[in-house]
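run.txt follows (compact mmCIF, C-alpha atoms):
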# COMPACT_ATOMS: atom_id res chain seq x y z
CA MET A 221 -11.11 -18.11 32.36
CA LYS A 222 -12.29 -18.34 28.75
CA GLU A 223 -9.54 -17.61 26.22
CA SER A 224 -9.99 -14.75 23.76
CA TYR A 225 -9.62 -15.15 20.01
CA TYR A 226 -9.19 -12.51 17.32
CA PHE A 227 -9.03 -12.30 13.56
CA GLY A 228 -7.21 -9.97 11.21
CA ILE A 229 -7.89 -9.55 7.50
CA ASP A 230 -5.49 -8.14 4.95
CA GLY A 231 -7.93 -7.21 2.22
CA GLY A 232 -6.89 -6.71 -1.38
CA GLY A 233 -8.19 -5.91 -4.82
CA THR A 234 -7.52 -9.42 -6.13
CA HIS A 235 -7.25 -11.65 -3.06
CA SER A 236 -7.50 -11.39 0.73
CA ARG A 237 -5.98 -13.22 3.67
CA LEU A 238 -7.23 -13.88 7.19
CA ALA A 239 -5.37 -15.01 10.28
CA LEU A 240 -7.09 -16.18 13.46
CA VAL A 241 -5.01 -15.78 16.63
CA ASN A 242 -5.28 -16.23 20.38
CA GLN A 243 -4.46 -13.60 23.01
CA ALA A 244 -0.76 -14.47 22.85
CA GLY A 245 -0.73 -13.90 19.10
CA LYS A 246 -0.34 -17.55 18.14
CA ILE A 247 -1.84 -18.18 14.71
CA LEU A 248 -4.52 -20.87 14.86
CA ALA A 249 -5.72 -20.65 11.25
CA ARG A 250 -4.86 -18.94 7.96
CA THR A 251 -7.26 -18.66 5.05
CA GLU A 252 -7.42 -16.96 1.67
CA ALA A 253 -10.26 -15.80 -0.58
CA GLY A 254 -10.98 -13.29 -3.32
CA SER A 255 -11.19 -9.51 -3.22
CA THR A 256 -12.66 -7.50 -0.33
CA ASN A 257 -12.49 -4.20 -2.25
CA ILE A 258 -15.98 -2.97 -3.13
CA TYR A 259 -14.47 -1.02 -6.04
CA SER A 260 -12.83 -4.10 -7.54
CA VAL A 261 -15.74 -6.54 -7.40
CA LYS A 262 -19.47 -6.43 -6.65
CA LYS A 263 -20.55 -5.94 -3.04
CA GLU A 264 -22.22 -9.35 -3.06
CA GLU A 265 -18.92 -10.95 -4.00
CA VAL A 266 -17.11 -9.08 -1.23
CA TYR A 267 -19.66 -10.41 1.28
CA GLU A 268 -19.20 -13.97 -0.01
CA ASN A 269 -15.41 -13.66 0.22
CA LEU A 270 -15.57 -12.39 3.79
CA SER A 271 -17.92 -15.23 4.67
CA SER A 272 -15.55 -17.75 3.10
CA LEU A 273 -12.56 -16.34 5.00
CA LEU A 274 -14.32 -16.57 8.34
CA ASP A 275 -15.99 -19.94 7.80
CA SER A 276 -12.76 -21.58 6.64
CA ALA A 277 -10.77 -20.17 9.57
CA LEU A 278 -13.34 -21.29 12.13
CA LYS A 279 -13.46 -24.76 10.61
CA GLU A 280 -9.66 -25.04 10.60
CA SER A 281 -9.35 -23.85 14.22
CA GLY A 282 -12.35 -25.72 15.58
CA LEU A 283 -13.80 -22.50 16.99
CA LYS A 284 -17.27 -20.98 16.69
CA LYS A 285 -18.31 -17.45 15.75
CA GLY A 286 -19.21 -16.75 19.36
CA ASP A 287 -15.60 -17.46 20.39
CA LEU A 288 -14.34 -14.42 18.46
CA LYS A 289 -13.80 -11.42 20.70
CA ALA A 290 -12.88 -8.88 17.99
CA GLY A 291 -11.47 -8.47 14.51
CA CYS A 292 -9.86 -6.04 12.13
CA LEU A 293 -10.22 -5.56 8.39
CA GLY A 294 -7.56 -3.48 6.66
CA SER A 295 -8.34 -2.85 3.02
CA ALA A 296 -8.48 -0.26 0.29
CA GLY A 297 -12.06 0.90 -0.10
CA VAL A 298 -12.86 1.46 3.59
CA GLY A 299 -11.43 4.94 3.98
CA ARG A 300 -14.73 6.85 4.17
CA GLU A 301 -17.76 6.58 6.41
CA GLY A 302 -20.10 5.40 3.65
CA GLU A 303 -17.73 2.56 2.82
CA ARG A 304 -17.30 1.58 6.46
CA ARG A 305 -21.06 1.47 6.91
CA ILE A 306 -21.27 -1.22 4.22
CA PHE A 307 -18.67 -3.35 5.96
CA ARG A 308 -20.22 -2.88 9.38
CA GLU A 309 -23.46 -4.26 7.96
CA PHE A 310 -21.52 -7.20 6.50
CA PHE A 311 -19.92 -8.10 9.82
CA ASP A 312 -23.12 -7.52 11.80
CA THR A 313 -24.67 -10.22 9.60
CA LEU A 314 -21.67 -12.56 9.48
CA LEU A 315 -20.96 -12.35 13.22
CA SER A 316 -23.12 -10.14 15.40
CA PRO A 317 -23.37 -6.43 16.27
CA GLU A 318 -21.74 -7.28 19.61
CA THR A 319 -18.48 -8.42 17.96
CA PRO A 320 -16.39 -5.29 17.35
CA VAL A 321 -14.48 -5.18 14.05
CA LYS A 322 -12.05 -2.35 13.39
CA LEU A 323 -12.21 -1.07 9.81
CA CYS A 324 -9.13 0.70 8.49
CA THR A 325 -6.99 1.19 5.41
CA ASP A 326 -4.45 -1.32 4.18
CA GLY A 327 -1.77 1.28 4.95
CA GLU A 328 -2.59 1.29 8.66
CA ILE A 329 -2.26 -2.46 9.04
CA LEU A 330 1.00 -2.40 7.06
CA LEU A 331 2.34 0.32 9.36
CA CYS A 332 1.60 -1.70 12.49
CA GLY A 333 2.81 -5.01 11.09
CA GLY A 334 5.87 -3.48 9.49
CA LEU A 335 6.93 -1.67 12.66
CA GLY A 336 5.77 -4.38 15.05
CA SER A 337 4.23 -1.47 16.94
CA LEU A 338 0.96 0.46 17.04
CA GLU A 339 2.85 3.77 16.83
CA GLY A 340 5.23 5.21 14.28
CA TYR A 341 5.46 6.04 10.59
CA CYS A 342 5.18 4.19 7.31
CA LEU A 343 6.06 5.13 3.73
CA ILE A 344 4.65 2.94 0.96
CA ALA A 345 5.72 3.18 -2.68
CA GLY A 346 4.23 0.44 -4.80
CA THR A 347 1.80 1.09 -7.63
CA GLY A 348 0.84 4.20 -5.65
CA SER A 349 2.47 6.07 -2.79
CA VAL A 350 1.34 7.23 0.64
CA ALA A 351 2.89 8.11 3.98
CA LEU A 352 1.15 7.45 7.30
CA GLY A 353 1.72 8.29 10.92
CA ARG A 354 -0.07 6.63 13.84
CA SER A 355 -0.06 7.33 17.56
CA ALA A 356 -0.46 4.65 20.19
CA ASP A 357 -3.98 5.88 20.91
CA GLY A 358 -5.03 5.46 17.28
CA ARG A 359 -4.75 8.97 15.87
CA LEU A 360 -3.78 8.74 12.20
CA VAL A 361 -2.29 11.23 9.75
CA ARG A 362 -1.53 10.70 6.08
CA ALA A 363 -0.02 12.37 3.05
CA GLY A 364 -0.38 11.33 -0.59
CA GLY A 365 -2.42 8.42 -1.83
CA LEU A 366 -4.29 10.57 -4.34
CA GLY A 367 -3.95 8.21 -7.30
CA TYR A 368 -1.57 8.53 -10.21
CA MET A 369 -3.70 11.10 -12.06
CA LEU A 370 -3.30 13.53 -9.17
CA GLY A 371 -0.23 12.33 -7.31
CA ASP A 372 1.31 9.03 -6.14
CA GLU A 373 4.71 10.60 -6.72
CA GLY A 374 7.65 8.22 -6.57
CA ALA A 375 5.46 5.16 -7.14
CA ALA A 376 5.38 2.85 -10.16
CA ALA A 377 2.44 4.45 -11.99
CA TRP A 378 3.92 7.92 -11.49
CA ILE A 379 7.32 6.71 -12.73
CA GLY A 380 5.73 5.21 -15.84
CA LYS A 381 3.58 8.26 -16.59
CA THR A 382 6.53 10.60 -16.04
CA ALA A 383 8.76 8.48 -18.29
CA ILE A 384 6.26 8.73 -21.15
CA ALA A 385 5.74 12.48 -20.76
CA ARG A 386 9.39 13.38 -20.37
CA SER A 387 10.59 11.04 -23.12
CA LEU A 388 8.22 12.81 -25.51
CA ARG A 389 9.57 16.14 -24.31
CA SER A 390 13.10 14.84 -24.85
CA LEU A 391 12.33 14.10 -28.51
CA GLU A 392 11.57 17.81 -28.88
CA LYS A 393 14.82 18.77 -27.09
CA ARG A 394 12.85 20.09 -24.12
CA ASP A 395 14.24 17.69 -21.55
CA LEU A 396 17.26 15.57 -20.70
CA SER A 397 18.50 13.12 -23.29
CA THR A 398 17.28 9.54 -23.06
CA ALA A 399 17.44 6.22 -24.87
CA MET A 400 14.26 4.91 -23.22
CA MET A 401 11.78 5.46 -26.06
CA PRO A 402 12.33 2.14 -27.91
CA ALA A 403 11.93 0.20 -24.64
CA ILE A 404 8.81 2.20 -23.71
CA LEU A 405 7.23 1.50 -27.09
CA GLU A 406 8.07 -2.19 -26.85
CA ALA A 407 6.58 -2.45 -23.36
CA CYS A 408 3.40 -0.71 -24.54
CA LYS A 409 3.28 -2.78 -27.76
CA LEU A 410 3.32 0.38 -29.90
CA GLU A 411 5.05 1.21 -33.17
CA GLN A 412 6.00 4.88 -32.87
CA SER A 413 6.20 7.63 -30.28
CA SER A 414 3.07 9.41 -31.51
CA ASP A 415 1.07 6.28 -30.63
CA LEU A 416 1.70 7.09 -26.97
CA ILE A 417 -0.77 9.97 -27.14
CA ARG A 418 -3.72 7.67 -27.78
CA PHE A 419 -2.30 5.03 -25.46
CA VAL A 420 -2.22 7.40 -22.48
CA HIS A 421 -5.52 9.16 -23.13
CA HIS A 422 -7.66 6.23 -24.27
CA ASP A 423 -6.08 2.80 -23.81
CA ALA A 424 -3.87 2.76 -20.72
CA ASP A 425 -4.93 2.07 -17.17
CA LYS A 426 -2.96 2.39 -13.96
CA ALA A 427 -1.52 -1.11 -14.20
CA LYS A 428 -0.31 -0.64 -17.78
CA VAL A 429 1.38 2.63 -16.91
CA ALA A 430 2.91 1.20 -13.73
CA ALA A 431 4.38 -1.67 -15.78
CA LEU A 432 6.79 0.85 -17.33
CA ALA A 433 8.59 1.45 -14.03
CA PRO A 434 11.06 -1.45 -14.59
CA VAL A 435 11.93 0.10 -17.98
CA VAL A 436 13.02 3.27 -16.18
CA THR A 437 14.96 1.31 -13.57
CA ALA A 438 16.78 -0.69 -16.25
CA ALA A 439 17.69 2.48 -18.13
CA ALA A 440 18.90 4.20 -14.95
CA ARG A 441 21.19 1.26 -14.21
CA LYS A 442 22.83 1.96 -17.58
CA GLY A 443 23.28 5.62 -16.69
CA ASP A 444 20.44 7.08 -18.77
CA PRO A 445 20.29 10.79 -17.74
CA LEU A 446 16.51 11.14 -17.91
CA ALA A 447 15.80 7.84 -16.16
CA LEU A 448 18.16 8.74 -13.34
CA ASP A 449 16.55 12.14 -12.94
CA ILE A 450 13.05 10.63 -12.80
CA LEU A 451 14.05 8.23 -10.02
CA ARG A 452 15.89 10.90 -8.04
CA THR A 453 12.91 13.24 -8.38
CA GLY A 454 10.64 10.43 -7.23
CA ALA A 455 12.82 9.87 -4.16
CA ALA A 456 12.66 13.58 -3.33
CA GLU A 457 8.87 13.52 -3.62
CA LEU A 458 8.66 10.55 -1.25
CA VAL A 459 10.75 12.49 1.27
CA LEU A 460 8.16 15.28 1.08
CA LEU A 461 5.45 12.78 2.03
CA VAL A 462 7.44 11.82 5.12
CA ARG A 463 7.98 15.49 5.99
CA SER A 464 4.25 16.11 5.70
CA VAL A 465 3.24 13.41 8.17
CA GLN A 466 6.05 14.46 10.50
CA ASP A 467 4.81 18.05 10.50
CA GLN A 468 1.24 16.92 11.09
CA SER A 469 2.03 14.71 14.07
CA PRO A 470 4.40 16.14 16.67
CA TRP A 471 2.51 14.03 19.20
CA ILE A 472 3.81 10.72 17.79
CA LYS A 473 6.54 9.56 20.16
CA ASN A 474 7.91 6.51 18.35
CA ARG A 475 10.40 7.89 15.83
CA ALA A 476 10.48 4.78 13.65
CA LEU A 477 9.73 4.72 9.91
CA VAL A 478 9.14 1.55 7.92
CA LEU A 479 9.65 1.58 4.13
CA ALA A 480 7.47 -0.76 2.08
CA GLY A 481 6.15 -1.39 -1.42
CA GLY A 482 7.40 -2.86 -4.66
CA VAL A 483 9.30 0.20 -5.88
CA ILE A 484 11.22 0.48 -2.61
CA GLU A 485 11.93 -3.26 -2.66
CA HIS A 486 13.09 -3.53 -6.28
CA ASP A 487 14.53 -0.16 -7.33
CA GLU A 488 17.85 0.24 -5.58
CA ILE A 489 18.56 3.61 -7.25
CA LEU A 490 15.41 5.31 -6.00
CA THR A 491 15.63 3.59 -2.62
CA GLY A 492 19.29 4.53 -2.21
CA ALA A 493 18.54 8.18 -2.90
CA LEU A 494 15.52 8.01 -0.60
CA ARG A 495 17.43 6.53 2.32
CA GLU A 496 20.27 9.03 1.89
CA SER A 497 17.86 11.97 1.93
CA LEU A 498 15.90 10.62 4.89
CA SER A 499 19.11 10.17 6.86
CA GLY A 500 20.15 13.75 6.16
CA GLU A 501 16.79 15.41 6.81
CA PHE A 502 15.51 13.25 9.65
CA PRO A 503 18.54 11.98 11.58
CA TYR A 504 16.31 11.20 14.57
CA LEU A 505 14.22 8.70 12.57
CA SER A 506 14.99 5.00 12.71
CA VAL A 507 14.40 3.88 9.10
CA GLY A 508 13.99 0.21 8.34
CA SER A 509 12.35 -2.53 6.29
CA PRO A 510 9.16 -4.29 7.44
CA LYS A 511 9.54 -6.51 10.50
CA GLY A 512 6.20 -8.18 9.89
CA SER A 513 3.33 -8.31 7.44
CA ALA A 514 0.16 -6.30 6.98
CA LEU A 515 -1.78 -9.39 8.10
CA GLU A 516 0.13 -9.40 11.37
CA GLY A 517 -0.69 -5.72 11.72
CA ALA A 518 -4.40 -6.46 11.29
CA CYS A 519 -4.19 -9.03 14.10
CA MET A 520 -2.41 -6.52 16.35
CA LEU A 521 -5.17 -3.97 15.77
CA ALA A 522 -7.85 -6.57 16.39
CA LYS A 523 -6.37 -7.34 19.80
CA GLU A 524 -6.10 -3.63 20.56
Whole structure, structure tokens version:
Amino acid sequence: MKESYYFGIDGGGTHSRLALVNQAGKILARTEAGSTNIYSVKKEEVYENLSSLLDSALKESGLKKGDLKAGCLGSAGVGREGERRIFREFFDTLLSPETPVKLCTDGEILLCGGLGSLEGYCLIAGTGSVALGRSADGRLVRAGGLGYMLGDEGAAAWIGKTAIARSLRSLEKRDLSTAMMPAILEACKLEQSSDLIRFVHHDADKAKVAALAPVVTAAARKGDPLALDILRTGAAELVLLVRSVQDQSPWIKNRALVLAGGVIEHDEILTGALRESLSGEFPYLSVGSPKGSALEGACMLAKE
């Protein structure tokens, strides 16, 4: 009987990774290329990067395109039907219309890889924040992920934006006291607090604002009242994301929640408050760190 082979792609805004596996899940090839996010680079470049990923993996494994039974791409920028149509056309050309490729968000592959299961819950707090729930039959619910201008509470960009806004309020005695302003100005390469107005409205992007999160963490470690309150508020907001997906999905049987993302990994104050609240509000949830990677999750979904 001919063996089946699958590929999973963890697509990103700067670089992407592909793993080619057999039915048992053994990795036969790993490759890397540039972005697969159509909002980060031109569509033509995304196509070339996908082609490079596949060609390199096939060459490394000694397989041919016809040997691939199915695949999965998990990436930001494939959440809506119009976006998925673009990628379906890409894979129809790169492989064939007969080779099924699942297209899903990067959160879904992280959920599956992190849990080591196709069912359960995931909370991600990195630059942005989102909570997801997935059933074994593929039904998906989500909360958050609206971007830092509208949400992403508890994530790095939200922490940075909140630190700027509330530190300015603190100068006017309208908020908790804080010693963060000098560190915020230094991180933003600004001279005085009034410069933050132009910085936020005209100069800053999400990455620049998110870069302020470590400033808040450092201040909180020293007991800064405002910094501590920002992180505790962020933790409470992340709990609300979990509650939302729980309320939306009573049909999910696996009561496991994986926590992922840079803020959760590196900010012990926020994560400590988060874990304490989750334990109190959802005692039936098994809360843990990722067991596997998003790339492994993509391979799991490809085999599904």
> Using all atoms listed in the file, which of the listed residues (A:Arg475, A:Arg308, A:Arg386, A:Lys428) sits closest to A:Gly340?
Replying inline: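 Using all atoms listed in the file, A:Gly340 sits closest to A:Arg475.
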> Which residues come within 12 Å of A:Lys442, counting all atoms listed in the file, excluding same-chain residues fewer than 6 positions away, as a ChimeraX atom specification?
Replying inline: /A:398-400,435-436,448,489
Grab the residues selected above and save them as a JSON list (two decimals), in the frame of the given file with C-alpha atoms.
[["chain", "number", "residue", "atom", "x", "y", "z"],
["A", 398, "THR", "CA", 17.28, 9.54, -23.06],
["A", 399, "ALA", "CA", 17.44, 6.22, -24.87],
["A", 400, "MET", "CA", 14.26, 4.91, -23.22],
["A", 435, "VAL", "CA", 11.93, 0.10, -17.98],
["A", 436, "VAL", "CA", 13.02, 3.27, -16.18],
["A", 448, "LEU", "CA", 18.16, 8.74, -13.34],
["A", 489, "ILE", "CA", 18.56, 3.61, -7.25]]
>> Calculated over all atoms listed in the file, which of the candidates A:Glu280, A:Asp487, A:Glu265, A:Asp230 has the smallest distance to A:Leu323?
In response: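 Of the candidates, the smallest distance to A:Leu323 is held by A:Asp230.
Using only C-alpha atoms, the smallest distance between any of A:Ala407, A:Leu335, A:Leu343, A:Ala438 and A:Glu457 comes from A:Leu343.
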> In file coordinates, which residues lie within 10 Å of (-16.4, -12.0, 17.9) using all atoms listed in the file, given as a list of chain:residue names?
Replying inline: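 Neighbouring residues, ordered by chain and number, come to A:Ser224, A:Tyr225, A:Tyr226, A:Phe227, A:Lys284, A:Lys285, A:Gly286, A:Asp287, A:Leu288, A:Lys289, A:Ala290, A:Gly291, A:Phe311, A:Leu314, A:Leu315, A:Ser316, A:Pro317, A:Glu318, A:Thr319, A:Pro320, A:Val321.
Distance annotation: of A:Cys342, A:Ile417, A:Ala375, A:Val429, the residue with the minimal separation from A:Val507 is A:Cys342; atom set is all atoms listed in the file.
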> Which of these residues is nearest to A:Ala239, using all atoms listed in the file: A:Ile258, A:Ala277, A:Leu410, A:Val478?
Replying inline: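 Closest to A:Ala239 of all the choices is A:Ala277.
Distance annotation: of A:Leu416, A:Ala345, A:Ala253, A:Leu360, the residue with the minimal separation from A:Cys324 is A:Leu360; atom set is all atoms listed in the file.
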What would the file be for stretch 367-413 of chain A if you keep C-alpha atoms and write it as a JSON list (two decimals), in the first residue's frame?
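Contents of out-v3.json, as written:
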[["chain", "number", "residue", "atom", "x", "y", "z"],
["A", 367, "GLY", "CA", -5.97, 44.74, 16.71],
["A", 368, "TYR", "CA", -4.53, 47.13, 19.26],
["A", 369, "MET", "CA", -6.59, 50.12, 18.06],
["A", 370, "LEU", "CA", -9.80, 48.28, 18.96],
["A", 371, "GLY", "CA", -8.73, 45.63, 21.44],
["A", 372, "ASP", "CA", -5.90, 43.11, 21.91],
["A", 373, "GLU", "CA", -6.26, 43.64, 25.65],
["A", 374, "GLY", "CA", -3.50, 42.15, 27.78],
["A", 375, "ALA", "CA", -1.09, 41.92, 24.85],
["A", 376, "ALA", "CA", 2.14, 43.86, 24.29],
["A", 377, "ALA", "CA", 0.74, 46.61, 22.05],
["A", 378, "TRP", "CA", -2.18, 47.17, 24.41],
["A", 379, "ILE", "CA", 0.19, 47.30, 27.40],
["A", 380, "GLY", "CA", 2.37, 49.87, 25.64],
["A", 381, "LYS", "CA", -0.55, 52.03, 24.50],
["A", 382, "THR", "CA", -2.14, 51.89, 27.95],
["A", 383, "ALA", "CA", 1.16, 52.80, 29.62],
["A", 384, "ILE", "CA", 1.47, 55.93, 27.47],
["A", 385, "ALA", "CA", -2.13, 57.03, 28.01],
["A", 386, "ARG", "CA", -2.22, 56.39, 31.73],
["A", 387, "SER", "CA", 1.23, 57.86, 32.38],
["A", 388, "LEU", "CA", 0.05, 61.09, 30.76],
["A", 389, "ARG", "CA", -3.07, 60.98, 32.93],
["A", 390, "SER", "CA", -0.86, 60.41, 35.97],
["A", 391, "LEU", "CA", 1.07, 63.62, 35.24],
["A", 392, "GLU", "CA", -2.26, 65.44, 35.59],
["A", 393, "LYS", "CA", -3.04, 63.61, 38.86],
["A", 394, "ARG", "CA", -5.86, 61.70, 37.17],
["A", 395, "ASP", "CA", -4.42, 58.24, 37.67],
["A", 396, "LEU", "CA", -2.16, 56.19, 39.91],
["A", 397, "SER", "CA", 1.34, 57.46, 40.55],
["A", 398, "THR", "CA", 4.13, 56.15, 38.36],
["A", 399, "ALA", "CA", 7.83, 56.57, 37.68],
["A", 400, "MET", "CA", 7.59, 55.12, 34.17],
["A", 401, "MET", "CA", 7.63, 58.33, 32.12],
["A", 402, "PRO", "CA", 11.43, 58.72, 31.82],
["A", 403, "ALA", "CA", 11.77, 55.09, 30.69],
["A", 404, "ILE", "CA", 8.89, 55.48, 28.21],
["A", 405, "LEU", "CA", 10.47, 58.59, 26.70],
["A", 406, "GLU", "CA", 13.85, 56.88, 26.44],
["A", 407, "ALA", "CA", 12.34, 53.84, 24.73],
["A", 408, "CYS", "CA", 10.51, 56.08, 22.26],
["A", 409, "LYS", "CA", 13.58, 58.29, 21.75],
["A", 410, "LEU", "CA", 11.64, 61.40, 22.81],
["A", 411, "GLU", "CA", 12.61, 64.41, 24.91],
["A", 412, "GLN", "CA", 9.46, 65.32, 26.84],
["A", 413, "SER", "CA", 6.05, 63.90, 27.65]]
